[in-house]
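Here's structure_16.txt, which has compact mmCIF, C-alpha atoms:
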# COMPACT_ATOMS: atom_id res chain seq x y z
CA MET A 1 0.00 0.00 0.00
CA SER A 2 1.23 3.50 -0.83
CA TYR A 3 0.94 6.38 1.60
CA SER A 4 0.73 9.95 0.45
CA TRP A 5 0.43 13.48 1.75
CA ALA A 6 -3.19 13.32 0.55
CA MET A 7 -4.12 10.73 3.17
CA ARG A 8 -5.33 12.98 5.96
CA ASP A 9 -7.82 13.50 8.73
CA GLU A 10 -9.46 16.81 7.85
CA ASP A 11 -10.76 17.38 11.39
CA SER A 12 -7.45 17.00 13.21
CA GLY A 13 -5.14 18.15 10.42
CA LEU A 14 -3.07 14.97 10.87
CA LYS A 15 -1.70 13.33 7.72
CA MET A 16 0.15 10.12 6.91
CA LEU A 17 3.50 10.61 5.20
CA PRO A 18 6.39 8.27 4.25
CA ILE A 19 9.54 9.30 6.09
CA PHE A 20 13.14 9.28 4.91
CA PRO A 21 15.52 9.92 7.85
CA LEU A 22 18.76 11.64 6.80
CA ASN A 23 21.89 13.05 8.38
CA ALA A 24 20.87 16.31 6.73
CA VAL A 25 18.10 18.90 6.84
CA LEU A 26 15.90 19.84 3.90
CA MET A 27 14.71 23.43 4.03
CA PRO A 28 11.50 24.64 2.41
CA HIS A 29 12.24 25.95 -1.13
CA GLN A 30 15.62 24.15 -1.18
CA LEU A 31 16.56 21.79 -4.00
CA MET A 32 18.32 18.59 -2.86
CA PRO A 33 19.70 15.74 -5.01
CA LEU A 34 19.50 12.24 -3.51
CA HIS A 35 20.86 8.85 -4.55
CA ILE A 36 18.44 6.10 -3.51
CA PHE A 37 20.05 2.67 -3.17
CA GLU A 38 18.59 0.89 -0.11
CA ASN A 39 15.86 -1.64 -0.91
CA ARG A 40 13.26 -0.05 1.37
CA TYR A 41 13.72 3.35 -0.24
CA ARG A 42 13.69 1.82 -3.72
CA ARG A 43 10.28 0.50 -2.70
CA LEU A 44 9.34 3.98 -1.52
CA MET A 45 10.27 5.44 -4.92
CA ALA A 46 8.29 2.76 -6.72
CA ASP A 47 5.26 3.46 -4.51
CA LEU A 48 5.55 7.21 -5.05
CA LEU A 49 5.90 6.92 -8.81
CA ALA A 50 2.69 4.87 -8.89
CA LEU A 51 0.81 7.86 -7.43
CA PRO A 52 -0.48 10.92 -9.31
CA GLU A 53 2.27 13.54 -9.65
CA PRO A 54 0.79 15.96 -7.05
CA GLU A 55 0.98 13.16 -4.46
CA GLN A 56 4.60 12.18 -5.12
CA ARG A 57 5.82 13.49 -1.79
CA PHE A 58 7.57 12.13 1.28
CA GLY A 59 9.06 13.58 4.44
CA ILE A 60 12.73 14.22 5.17
CA VAL A 61 13.60 14.35 8.87
CA SER A 62 17.10 14.74 10.25
CA ILE A 63 18.61 12.01 12.41
CA THR A 64 19.57 13.23 15.86
CA LYS A 65 21.02 9.94 17.13
CA GLY A 66 21.77 6.57 15.59
CA SER A 67 21.69 5.58 11.93
CA GLU A 68 18.83 4.86 9.54
CA THR A 69 20.83 1.94 8.13
CA ASN A 70 20.55 0.06 11.44
CA GLU A 71 17.58 -2.14 12.27
CA ASP A 72 16.82 -0.05 15.35
CA LEU A 73 14.73 3.05 14.77
CA PRO A 74 17.02 6.11 14.87
CA ALA A 75 16.13 9.13 16.96
CA ILE A 76 14.81 11.80 14.61
CA ALA A 77 13.96 15.47 14.90
CA GLU A 78 10.43 16.50 15.82
CA ILE A 79 10.15 18.83 12.81
CA GLY A 80 10.75 17.82 9.20
CA THR A 81 10.08 19.02 5.67
CA VAL A 82 7.94 17.62 2.86
CA ALA A 83 10.13 16.55 -0.10
CA VAL A 84 8.40 17.10 -3.44
CA LEU A 85 9.72 14.95 -6.29
CA ARG A 86 10.92 17.17 -9.13
CA LYS A 87 13.10 14.81 -11.19
CA THR A 88 13.54 11.03 -11.08
CA ASN A 89 16.07 8.89 -12.93
CA THR A 90 15.87 5.11 -12.60
CA ASN A 91 19.25 3.45 -13.00
CA PRO A 92 19.76 0.01 -14.66
CA GLU A 93 20.68 -1.62 -11.33
CA GLY A 94 17.43 -0.44 -9.76
CA THR A 95 18.74 2.56 -7.83
CA PHE A 96 17.34 6.05 -8.26
CA ASP A 97 18.83 9.50 -8.64
CA ILE A 98 16.23 12.05 -7.71
CA LEU A 99 15.87 15.77 -7.18
CA VAL A 100 13.45 17.02 -4.54
CA MET A 101 12.33 20.46 -3.50
CA GLY A 102 11.46 21.33 0.07
CA GLY A 103 7.78 21.95 0.66
CA GLU A 104 5.98 22.75 3.89
CA ARG A 105 7.33 21.94 7.35
CA PHE A 106 5.58 19.43 9.57
CA ASP A 107 5.53 18.22 13.17
CA VAL A 108 6.02 14.49 13.67
CA ASN A 109 3.17 13.20 15.83
CA SER A 110 3.98 9.47 15.74
CA ILE A 111 5.99 6.89 13.75
CA SER A 112 4.87 3.49 12.47
CA ILE A 113 7.21 0.78 11.19
CA SER A 114 4.62 -1.95 10.63
CA LYS A 115 2.74 -0.90 7.47
CA ALA A 116 5.58 -0.65 4.95
CA PRO A 117 9.31 -1.43 4.61
CA TYR A 118 9.96 2.29 5.16
CA LEU A 119 8.77 4.47 8.01
CA ILE A 120 5.30 6.03 7.98
CA ALA A 121 4.64 9.07 10.17
CA GLU A 122 1.52 10.78 11.36
CA VAL A 123 2.35 14.44 10.85
CA LYS A 124 0.74 17.86 11.00
CA GLU A 125 1.70 20.90 8.95
CA ARG A 126 3.66 23.47 10.96
CA LYS A 127 2.60 27.05 10.33
CA GLU A 128 4.75 30.18 10.29
CA THR A 129 4.07 32.88 12.88
CA PRO A 130 2.41 35.87 11.15
CA VAL A 131 4.80 38.85 11.37
CA ASP A 132 5.41 42.20 9.68
CA PHE A 133 8.49 42.74 7.53
CA ASP A 134 10.71 45.64 6.56
CA GLN A 135 11.44 45.59 2.82
CA ALA A 136 14.80 47.26 3.45
CA ASN A 137 15.87 44.27 5.56
CA ILE A 138 14.72 41.85 2.87
CA THR A 139 16.68 43.73 0.19
CA LEU A 140 19.78 43.81 2.40
CA ALA A 141 19.49 40.05 3.01
CA GLN A 142 19.20 39.41 -0.73
CA GLU A 143 22.28 41.53 -1.45
CA LYS A 144 24.37 39.91 1.29
CA CYS A 145 23.30 36.44 0.18
CA ALA A 146 24.16 37.20 -3.46
CA ASP A 147 27.59 38.58 -2.47
CA PHE A 148 28.28 35.56 -0.28
CA MET A 149 27.29 33.08 -2.97
CA MET A 150 29.53 34.79 -5.52
CA MET A 151 32.38 34.78 -3.00
CA MET A 152 31.93 31.05 -2.52
CA ASP A 153 31.77 30.28 -6.23
CA ALA A 154 32.94 33.13 -8.44
CA ASP A 155 32.30 31.10 -11.61
CA ASN A 156 28.67 30.46 -10.75
CA ASP A 157 26.99 33.30 -12.66
CA ASN A 158 23.49 32.00 -11.93
CA ALA A 159 23.95 31.38 -8.21
CA ALA A 160 22.47 34.69 -7.03
CA ASN A 161 19.70 35.06 -9.62
CA ASP A 162 16.02 35.11 -8.71
CA LEU A 163 16.35 35.20 -4.94
CA PRO A 164 12.78 35.26 -3.59
CA ASN A 165 11.34 38.49 -2.23
CA GLU A 166 9.01 36.67 0.15
CA PRO A 167 10.80 36.78 3.54
CA SER A 168 9.93 33.29 4.76
CA ALA A 169 11.08 31.69 1.49
CA LEU A 170 14.22 33.86 1.44
CA SER A 171 15.19 32.99 5.02
CA PHE A 172 14.72 29.25 4.43
CA LEU A 173 16.60 29.37 1.13
CA ILE A 174 19.59 31.15 2.65
CA ALA A 175 19.54 28.70 5.57
CA GLY A 176 19.78 25.82 3.09
CA LEU A 177 22.76 27.39 1.33
CA LEU A 178 24.92 28.16 4.34
CA PRO A 179 27.80 25.86 5.39
CA LEU A 180 26.21 24.60 8.61
CA THR A 181 25.98 21.36 10.52
CA ALA A 182 22.70 19.46 10.49
CA PHE A 183 22.12 20.53 14.09
CA GLU A 184 22.54 24.21 13.20
CA GLN A 185 20.25 23.82 10.21
CA GLN A 186 17.65 22.07 12.36
CA ASP A 187 17.65 25.01 14.76
CA LEU A 188 16.83 27.31 11.82
CA LEU A 189 14.16 24.94 10.53
CA ASN A 190 12.52 24.92 13.96
CA MET A 191 12.10 28.72 14.01
CA ASP A 192 8.52 29.80 13.34
CA ASP A 193 9.27 33.54 13.05
CA ALA A 194 10.76 34.41 9.64
CA ASN A 195 12.09 37.72 11.01
CA VAL A 196 14.11 35.87 13.65
CA ARG A 197 15.27 33.32 11.07
CA LEU A 198 16.32 36.02 8.61
CA LYS A 199 18.30 37.84 11.30
CA SER A 200 19.97 34.56 12.29
CA VAL A 201 21.08 33.70 8.75
CA MET A 202 22.34 37.26 8.25
CA LYS A 203 24.55 36.88 11.33
CA ILE A 204 25.88 33.60 9.95
CA ILE A 205 26.63 35.19 6.56
CA ASN A 206 28.53 37.99 8.31
CA ARG A 207 30.46 35.44 10.38
CA GLU A 208 31.36 33.28 7.39
CA THR A 209 32.34 36.31 5.29
CA ILE A 210 34.76 37.48 7.99
CA LEU A 211 36.24 33.98 8.27
CA MET A 212 36.74 33.76 4.52
CA GLN A 213 38.44 37.14 4.42
CA GLU A 214 40.76 36.18 7.27
CA ILE A 215 41.54 32.69 5.93
CA PRO A 216 40.93 32.91 2.17
CA SER A 217 42.88 29.75 1.38
CA VAL A 218 40.55 27.47 3.36
CA PRO A 219 37.60 26.32 1.23
CA ALA A 220 34.21 26.41 2.92
CA PRO A 221 31.90 23.39 2.70
CA PHE A 222 29.47 25.17 0.41
CA LEU A 223 27.22 23.65 -2.22
CA THR A 224 28.47 25.16 -5.46
CA ARG A 225 26.62 25.28 -8.75
CA VAL A 226 23.49 25.74 -6.70
CA THR A 227 20.10 26.05 -8.37
CA ILE A 228 17.55 28.31 -6.75
CA SER A 229 13.82 27.79 -6.95
CA PRO A 230 11.63 30.64 -5.71
CA ASN A 231 8.49 28.46 -6.04
What is this file in structure tokens?
Amino acid sequence: MSYSWAMRDEDSGLKMLPIFPLNAVLMPHQLMPLHIFENRYRRLMADLLALPEPEQRFGIVSITKGSETNEDLPAIAEIGTVAVLRKTNTNPEGTFDILVMGGERFDVNSISISKAPYLIAEVKERKETPVDFDQANITLAQEKCADFMMMMDADNDNAANDLPNEPSALSFLIAGLLPLTAFEQQDLLNMDDANVRLKSVMKIINRETILMQEIPSVPAPFLTRVTISPN
């Protein structure tokens, strides 16, 4: 049986979603390539591809302790992100190379391991806190992000194009681009106030820029040739 984001309880807002635990965090609006090779996640891809395209979604949740390759259930974060399939390539040996884009955030209510080879979670969409924004701060964040991306990859002419003007999307996108640990990224994902998140990523950009200027010969662990999706 396939489980999709469409399987929901309208009264409670709870939904059933396949879960892919990773030692990484997917931010909303972030594009992430994945190589799928484990049998249970090959099954997940096959189940998803059998669904209508709008339902080809699963959840990515960061691992906080343990490993998803072990038989024991790893400890995972309480907040994850819906992964929307954008591109899928099936390899001759049965593995998959896919590209997903981060959708909405969700709270993990409970986990089931009995209904499918992969994990199934009961989740609820996590809403942003409504706040007011200063356009000047948004413009400044866009400029600093563009400068930082060019500093990280001077040959990437398209890296800074089309940065979103919507503050929540911009803050999440910058958070997904910064050279952070999964724990640091999870802290940003957990923030419900986009103003607070935007200020936090701006501080990190300032910190990383200073470090790069002081130690220019040390490469930063940045994702180059990045593709930005404002959708």
Give me, as JSON lines, each residue of range 43-86 of chain A that comes within 10 Å of range 175-186 of chain A, together with its shortest interatomic pair and the distance in Å at one decimal, counting all atoms listed in the file, with rows ordered by chain and rising residue number.
{"residue": "A:Val61", "atom": "CA", "partner": "A:Gln186", "partner_atom": "CA", "distance": 9.4}
{"residue": "A:Ser62", "atom": "CA", "partner": "A:Ala182", "partner_atom": "CA", "distance": 7.3}
{"residue": "A:Ile63", "atom": "CA", "partner": "A:Ala182", "partner_atom": "CA", "distance": 8.7}
{"residue": "A:Thr64", "atom": "CA", "partner": "A:Phe183", "partner_atom": "CA", "distance": 7.9}
{"residue": "A:Ala77", "atom": "CA", "partner": "A:Gln186", "partner_atom": "CA", "distance": 8.0}
{"residue": "A:Glu78", "atom": "CA", "partner": "A:Gln186", "partner_atom": "CA", "distance": 9.8}
{"residue": "A:Ile79", "atom": "CA", "partner": "A:Gln186", "partner_atom": "CA", "distance": 8.2}
{"residue": "A:Gly80", "atom": "CA", "partner": "A:Gln186", "partner_atom": "CA", "distance": 8.7}
Store the residues picked out above, limited to C-alpha atoms, as a compact mmCIF listing (two decimals), keeping the file's coordinate frame.
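And here is the file that came out, result_18.txt:
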# COMPACT_ATOMS: atom_id res chain seq x y z
CA VAL A 61 13.60 14.35 8.87
CA SER A 62 17.10 14.74 10.25
CA ILE A 63 18.61 12.01 12.41
CA THR A 64 19.57 13.23 15.86
CA ALA A 77 13.96 15.47 14.90
CA GLU A 78 10.43 16.50 15.82
CA ILE A 79 10.15 18.83 12.81
CA GLY A 80 10.75 17.82 9.20
Figure out the distance between CA of Leu51 in chain A and CA of Glu128 in chain A, please, to one decimal in Å.
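That distance, rounded to one decimal, is 28.8 Å.
Relative to CA of Leu211 in chain A, CA of Val25 in chain A is found at 23.6 Å.
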With distances taken over only C-alpha atoms, the candidate from A:Cys145, A:Met191, A:Leu44, A:Leu170 nearest Asn206 in chain A is A:Cys145
Within 10 Å of Ala194 in chain A using only C-alpha atoms, minus same-chain residues under 4 positions, as a PDB file with C-alpha atoms, in the coordinates of the input:
ATOM      1  CA  GLU A 128       4.750  30.180  10.290  1.00  0.00           C
ATOM      2  CA  THR A 129       4.070  32.880  12.880  1.00  0.00           C
ATOM      3  CA  PRO A 130       2.410  35.870  11.150  1.00  0.00           C
ATOM      4  CA  VAL A 131       4.800  38.850  11.370  1.00  0.00           C
ATOM      5  CA  ASP A 132       5.410  42.200   9.680  1.00  0.00           C
ATOM      6  CA  PHE A 133       8.490  42.740   7.530  1.00  0.00           C
ATOM      7  CA  GLU A 166       9.010  36.670   0.150  1.00  0.00           C
ATOM      8  CA  PRO A 167      10.800  36.780   3.540  1.00  0.00           C
ATOM      9  CA  SER A 168       9.930  33.290   4.760  1.00  0.00           C
ATOM     10  CA  ALA A 169      11.080  31.690   1.490  1.00  0.00           C
ATOM     11  CA  LEU A 170      14.220  33.860   1.440  1.00  0.00           C
ATOM     12  CA  SER A 171      15.190  32.990   5.020  1.00  0.00           C
ATOM     13  CA  PHE A 172      14.720  29.250   4.430  1.00  0.00           C
ATOM     14  CA  LEU A 188      16.830  27.310  11.820  1.00  0.00           C
ATOM     15  CA  LEU A 198      16.320  36.020   8.610  1.00  0.00           C
ATOM     16  CA  LYS A 199      18.300  37.840  11.300  1.00  0.00           C
ATOM     17  CA  SER A 200      19.970  34.560  12.290  1.00  0.00           C
TER      18      SER A 200
END
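Pairwise distance (CA of Glu143 in chain A, CA of Ile174 in chain A) equals 11.5 Å.
Between Ser110 in chain A and the residues A:Met32, A:Ile76, A:Ala46, A:Ala136, the shortest atom-to-atom distance, using all atoms listed in the file, involves A:Ile76.
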